[in-house]
Number of protein chains: 4
Amino acid sequence: MEPDYSRYASVFSWRYASPEMRALFSERENRLRWRKVWVALAKAQHKAGLVSAKEFAQLEKHALDVDVGKAHEIEKRIKHDLMAELKTFAGQAGAAGGRLHLGATSMDIEDNADALRSRKALRMIRQKVARLLQAYRKRVVLHKDVRCMALTHLQTAEPTTVGYRFCNYAQDIVMDLGYLKNLENDVRGKGFKGAVGTSASYEELLKGKNMNAEEMEREAMNDLGLKAFEVSTQVYPRKVDYLVLSALASVAASLHKFALDLRVLQSPYVFEVMEPFAEMQVGSSAMPFKRNPVKAERLCSLARYVGALPPVAWENTANSILERTLDDSANRRIILPEAFMALDEALMVAIGLAEGLRINRKVIEKNFRTYAPFALTEALLMRLVEHGEDRQKMHEHLRSLSLKAWQSVQDGKPNPLEQLAVEDKKITRHIPVKELKKLFAQDHVGLAVHKCAKYAKIMDEVLSKHPVSSKRLEANF
Amino acid sequence: MEPDYSRYASVFSWRYASPEMRALFSERENRLRWRKVWVALAKAQHKAGLVSAKEFAQLEKHALDVDVGKAHEIEKRIKHDLMAELKTFAGQAGAAGGRLHLGATSMDIEDNADALRSRKALRMIRQKVARLLQAYRKRVVLHKDVRCMALTHLQTAEPTTVGYRFCNYAQDIVMDLGYLKNLENDVRGKGFKGAVGTSASYEELLKGKNMNAEEMEREAMNDLGLKAFEVSTQVYPRKVDYLVLSALASVAASLHKFALDLRVLQSPYVFEVMEPFAEMQVGSSAMPFKRNPVKAERLCSLARYVGALPPVAWENTANSILERTLDDSANRRIILPEAFMALDEALMVAIGLAEGLRINRKVIEKNFRTYAPFALTEALLMRLVEHGEDRQKMHEHLRSLSLKAWQSVQDGKPNPLEQLAVEDKKITRHIPVKELKKLFAQDHVGLAVHKCAKYAKIMDEVLSKHPVSSKRLEANF
Amino acid sequence: MEPDYSRYASVFSWRYASPEMRALFSERENRLRWRKVWVALAKAQHKAGLVSAKEFAQLEKHALDVDVGKAHEIEKRIKHDLMAELKTFAGQAGAAGGRLHLGATSMDIEDNADALRSRKALRMIRQKVARLLQAYRKRVVLHKDVRCMALTHLQTAEPTTVGYRFCNYAQDIVMDLGYLKNLENDVRGKGFKGAVGTSASYEELLKGKNMNAEEMEREAMNDLGLKAFEVSTQVYPRKVDYLVLSALASVAASLHKFALDLRVLQSPYVFEVMEPFAEMQVGSSAMPFKRNPVKAERLCSLARYVGALPPVAWENTANSILERTLDDSANRRIILPEAFMALDEALMVAIGLAEGLRINRKVIEKNFRTYAPFALTEALLMRLVEHGEDRQKMHEHLRSLSLKAWQSVQDGKPNPLEQLAVEDKKITRHIPVKELKKLFAQDHVGLAVHKCAKYAKIMDEVLSKHPVSSKRLEANF
Amino acid sequence: MEPDYSRYASVFSWRYASPEMRALFSERENRLRWRKVWVALAKAQHKAGLVSAKEFAQLEKHALDVDVGKAHEIEKRIKHDLMAELKTFAGQAGAAGGRLHLGATSMDIEDNADALRSRKALRMIRQKVARLLQAYRKRVVLHKDVRCMALTHLQTAEPTTVGYRFCNYAQDIVMDLGYLKNLENDVRGKGFKGAVGTSASYEELLKGKNMNAEEMEREAMNDLGLKAFEVSTQVYPRKVDYLVLSALASVAASLHKFALDLRVLQSPYVFEVMEPFAEMQVGSSAMPFKRNPVKAERLCSLARYVGALPPVAWENTANSILERTLDDSANRRIILPEAFMALDEALMVAIGLAEGLRINRKVIEKNFRTYAPFALTEALLMRLVEHGEDRQKMHEHLRSLSLKAWQSVQDGKPNPLEQLAVEDKKITRHIPVKELKKLFAQDHVGLAVHKCAKYAKIMDEVLSKHPVSSKRLEANF
């Protein structure tokens, strides 16, 4: 069926995010969750003797009969989305319909449903982060000893290895995984506490019954598989939304950093890596080597949006007055779904990049040979000083050799610094040519390779605690 | 036709924003604008002798034949939305199709189209702001002398008038109108400057023709009715987006302040105003006077979202590298439409509130009588000092009278302060009872009424410079 | 000594924040921490045989001899704050000075020092949050059964208790305490890993020694009592700063919500609580009951600043390129200290409010009597329906009674609803007057009192896990 | 005098910002401005007959005798900074002291002083932006025809010129200049309108005098050289702060983009420009060519902070309730000064960079020769098609030549593409070698040079409207 192209459609309806994530935030699933909560409440109230077995059976039977069109018609009249769904559900359930929502306030339904949704979405995100970690792990193992120039200030500094770089990306998301997991456990529902959180309406209903409101809540929440906050206002504490969005933003920051690095490394001036490219996706006709890093750029763009949303939840939290004001409602319809979906897309892109990245080993090595010798003069200086030379003088001397070598590099020639040293009496007086060559042949990567092996084990341990998404990642537009 | 409820649909597809604004940001209109820009370019190139009259006629003929479904199919393959539309358009135009996009880079088309869109959206927003000003103006005139208690720190302070309060709301959006108007004039297109802004491709094409690239650009932009930036990179300066979003956020702040005031004034403790309510929209069954200010709350909620978006545009501006990086693209698909649509909805709500608000004059007067006398003791003190009393002693004396009066007020009785003064020898010794009564009968509203009249004239002047939306504002869900 | 008033001085130098927190972020303590890290490194290197016992003793001896003035002079010349301190320290240590900083890069020193600082600051914050929880706990116990009107949408809704309200404030910061504690454990140092995180320079130095760079790092970090990240770039992952600032912002949101509630409740229209006031701090002369809630307002103001800072850290994290860029440095000098100090001040204010708040029980009860009866009609309706009355008709009937009662309330009279019901045949036909009076005499606070008792126990448990600040909170300006 | 290093000192007290800007936001100048406003009020009231000539003379005489220490002592007692200053001033003025602040509320003084301050600070910023424009202008003229590779997506694209790039930087700040100028005109004071904006207290005072409150306000504001808002609450509309901070953030975004470009261009892989370096500031000892772009990085860091502050002002604006709440006060003490000072520093850095930048022409030309030929194949393809070749086939052919050439480039050799073309029969069959060489010798920079000349004139025009800071920019730490 053709969508309606004459009105705004969010990029998250079709362009970005996985089908699962889009479905999770659909009108249909929102309503299924509401019904699930109503049914759990009815079940507990059935146990309490407020709803008969027959009534409950009737309710349960229609729990999946969502009819969005019908509900929207009703909403147009009564201006209340949940109540419109309630009427729709109740209409389907016949006489039992009146047993729905007993003692409940809207937020007893919505907030538990929202908590279920956030928790599931967090889990979906976590699975994708774990998959990304898996991809990083492969890179760490594969490229642990691929030496390359590290850059600080965007300036070539000392050497490192490609694998070690990936350890750092990995470490970032290992932190994120921990926070996401904690948060999943911490996301709780409002429970069933009525209009202002005191459970007064339920207590009223349950007078003379075999359970009190606290017990009834426990029954229903157990049924939902969700913990409830011990106390509440009309809603669950809105700071939960802030914590959720901040955790998503934290993942987004990790991904942005990874993608920005790749964008720099893909520049023809550096050219150490290349994004995976689809068959049909031609680069520039004239510049066949040109591979615009559009995936990494898209990732950065979406990450930035995710990073900007926590302040909205912060304001919702901070400005909610007394037992609740409704100034959170309209923007929560936007920021919660869109933060999850934007991050979902960003993660799919990140996984695609990490799994499919081409490493230009030859170029990496060329860049290494060009710039590493400069870094090695530091070790050379230390040796010369050990042999009794004046540090200041030698420093000046090496500096002039380096400048000469740099000139060559600027002319596109290989770095002649080693050769200059070999031919230099002031140096060879102390250090035999053979030793000198050994010095310049060094990787100078310190513990990088060792750390890769060690960190791979740490990642294994971490991965053992987190399920990994194994979904085939379908390309969106 | 039934929308697809099993995937996420933005609230801006159906719940919030006006139909016009939703249409402006639809896939359909986006593509119509692209085609408009292509046709303008072809027309200029026709004048330059690059496109024949017949070819141009063929292009113009199909300018409106948008076929989104087809374009999406192509995009799935080639991963480029504008190029997919180009192929669709070209396919419709037969042989002339090859004359589209001559010398152009994608952003020559997109950025001019985006500028047209932003300018139109700004104008639509401005028209609604003007309509809101009109509504405020009516309130100023109508309530200019309705005296009421002003609150500072949420504490009753001195008196003011309802009309004067509206002058302040009005003054806020008068500022906004000025900025919006300026911005509309300042929103410019990229023009036609090719891949890196140098117009090299056009210069190449126009070699030996009767116009150069600058003249060609002028022709095409005149046709579009849009100014071009004098210079550009691949894109128009992204700071324009920041300025646009900041201007929208500024309006949003004005509206939020207005709505928050109304939310406070609607509390039963204050109860000075009431939101207009729809027929079917019942308040609480048990509390018939209860009118949850859900419209004002929705406004605040959406305003908060609008207020959070400029930082995304800021980052796009600040982090764009050299002749452009694509890290702006994905989030611009979200933040530009949604900022406009969220503000559009907020404005409709604000207009509805300003036009339909119920002013509870009786309650306002009751509150005035209760709290104003306290403020009047200041004037009383000044008079007593003029009559030679010691300021410190009199202050203490009035303070004790006030405390006694406050006690009465706390017990729900009318403020007895005037009576206490009348019966007080220390006071009547200097000030005759009649004069005293006159003092307490004062409005003490200073220039408020005068300023209302004056500001109404200023608003007339302002309104004469801005078109006013006269659209019937249809209620959304 | 008189400060220099002719140049800008931050409010955190004198107006806001505790002396301890200001000291923690002072130049002096920054330098003491750097020296501490240098000494720990030297100690480990002493064990490795790189630094002699005598040298180490010399270094340790001067570890506290910070001389900021001297260091600044040097910095003016060499434009590097840490290096200037190093020169100052080295100068004091004589020959041993050259054994400082062996193999280190600046960030080996700074980032460990920063981690020590953040961890300590987090702990100081946590102690104050715990103290606030203690104050809340007292309020919960003290006011657990003080019934009052709950407000949703700023409209009086159903009853609750003052104590239960404090349970909700408490629950917010119980969450915060958990996050702060986690974070304190997670804040790790960079360790000693050199210029690009590979430990190459240390490996070079330690060739032939009895420990490798990993062991040396472990020694030094143990000495500092700080865990190190397993891997690093030139710096520790900047996302830690984001997590820290987000946790602070989360506390700030909790405090803002509390303070905003108090500001509303202090309005003379509501008047249920009053801020504690200092002796000398007179309210308005004319309005002796007027107590501008300036403390709560200050809290909100500072909380807002804290809430705005995480995005800066997000950008630092997301935009750091490869092994590090320095675009984080200048703003970290602002946002880290100021977020901690602003929150520190906000917490002191919150504690002062929670500990010193005056609860106007009489007014609370008056408000309760005025508004609660409306809420009780819901229970009445349920009973009438149980007695076989038509719901719709009875609803309409109660609505008209309520409207009449509301009219009285608006005139400043007590709510006559109970009396109207007692005199109403349609009601008393089913419900005897005695029962009716019982119904209206209800608190209708559900489980509120029970929950207070329960939650007090939970707070005890939580408090047993967190040290409580017992500092006397000195008033700032 | 030695500052107190044992408590936090903001970086803006000594490390960043110009002395003038720091002074503008000092306690001293804040108090001088308050006194200036008091004196202006007294002068107008003197004209109105409320203050005698002698009294006024007495007040004027002590207007500059700020004594911060004394005022702070008083503030400690009375907890009100402005009142403490008032007492200090009044104490100095003897009997006339009592004629200060007649009819005024604190915000009559503070808000006018703040407006004076913001306007002056805006002007100081604008002068620096103009100076930066001047520097850009020089670059445009100087480098207008220095051809270089443009980069899109961080990938070499088509050629441009260094001067044209500077046109784009210039165009960004030309926009900023316009907004700053507008804003300077729009920054208005609250005027003298008393506690809730009605001027009631002044009207009371002026009863029977020869001027009313509106005239008195006009007198005083004329004296201050500041326009007043037509209406006000207790304060000027806080949206002005939002507009000011947004304008500063807009400048910050322009500067960040410029500095980020320079950071990329300084990478040894690109090496087209170099930051100016101070004599004493040595780069890395081992890598003499290494010039960490620390100034550009500092600029980016501070710009990010500036960019994060408008949301605080947004919240202040949006959440101010009715005639004003004080939740803006504490954070305004931070965000206004620090936004100005951070931008001030960023501008000084930007000016230093623009004025002192070293352009590595040789490297630029080398990069051009390496990458431009790829871009030129597009023109070649067009020519071949004109000669009747099949576009598809020729495209494939050129692609294979380009790939071969790219291989050479990767090996560090000059780009052989031209030579490959010259030796290629399929090409030379249509295009004579001479013409081919001409084609490859092209700059392909389109209108870049022409636009530089044109834009230089535009800059002249712009500069004629804005004063240029000619202060010597002193280096900070």
# chains A, B, ... in the order shown; residues from 1 in each chain; ligands from 1
>>> interface_residues(of="chain C", to="chain A", cutoff="6 Å", atoms="only C-alpha atoms", output="JSON, numbers by chain")
{"C": [151, 152, 153, 198, 199, 200, 203, 253, 256, 257, 261, 318, 319, 321, 322, 323, 324, 325, 444, 445, 446, 447, 448]}
>>> select_by_dssp(residues="segment 196-443 of chain B", states="strand (DSSP E or B)", output="ChimeraX atom specification")
/B:228,273-274,358-359
>>> write_last_selection(atoms="C-alpha atoms", output="PDB file, in the first residue's frame")
ATOM      1  CA  ALA B 228      21.730  33.768  -3.847  1.00  0.00           C
ATOM      2  CA  VAL B 273      -8.561  32.411  33.749  1.00  0.00           C
ATOM      3  CA  MET B 274      -9.839  29.286  32.028  1.00  0.00           C
ATOM      4  CA  ARG B 358     -12.158  32.933  29.638  1.00  0.00           C
ATOM      5  CA  ILE B 359     -11.272  35.698  32.067  1.00  0.00           C
TER       6      ILE B 359
END
>>> atom_distance(atom1="atom CA of Tyr305 of chain C", atom2="atom CA of Asn331 of chain D")
6.2 Å
>>> closest_atom_pairs(of="segment 64-96 of chain C", to="segment 104-111 of chain C", cutoff="10 Å", atoms="only C-alpha atoms", output="Markdown table")
| residue | atom | partner | partner_atom | distance |
| --- | --- | --- | --- | --- |
| C:His80 | CA | C:Ser106 | CA | 9.7 |
| C:Asp81 | CA | C:Ser106 | CA | 9.8 |
| C:Leu82 | CA | C:Ser106 | CA | 6.8 |
| C:Met83 | CA | C:Ser106 | CA | 7.6 |
| C:Leu86 | CA | C:Ser106 | CA | 9.8 |
>>> closest_residue(among="A:Glu29, A:Glu55, A:Asp65, A:Glu386", to="Gly94 of chain A", atoms="only C-alpha atoms")
A:Glu55
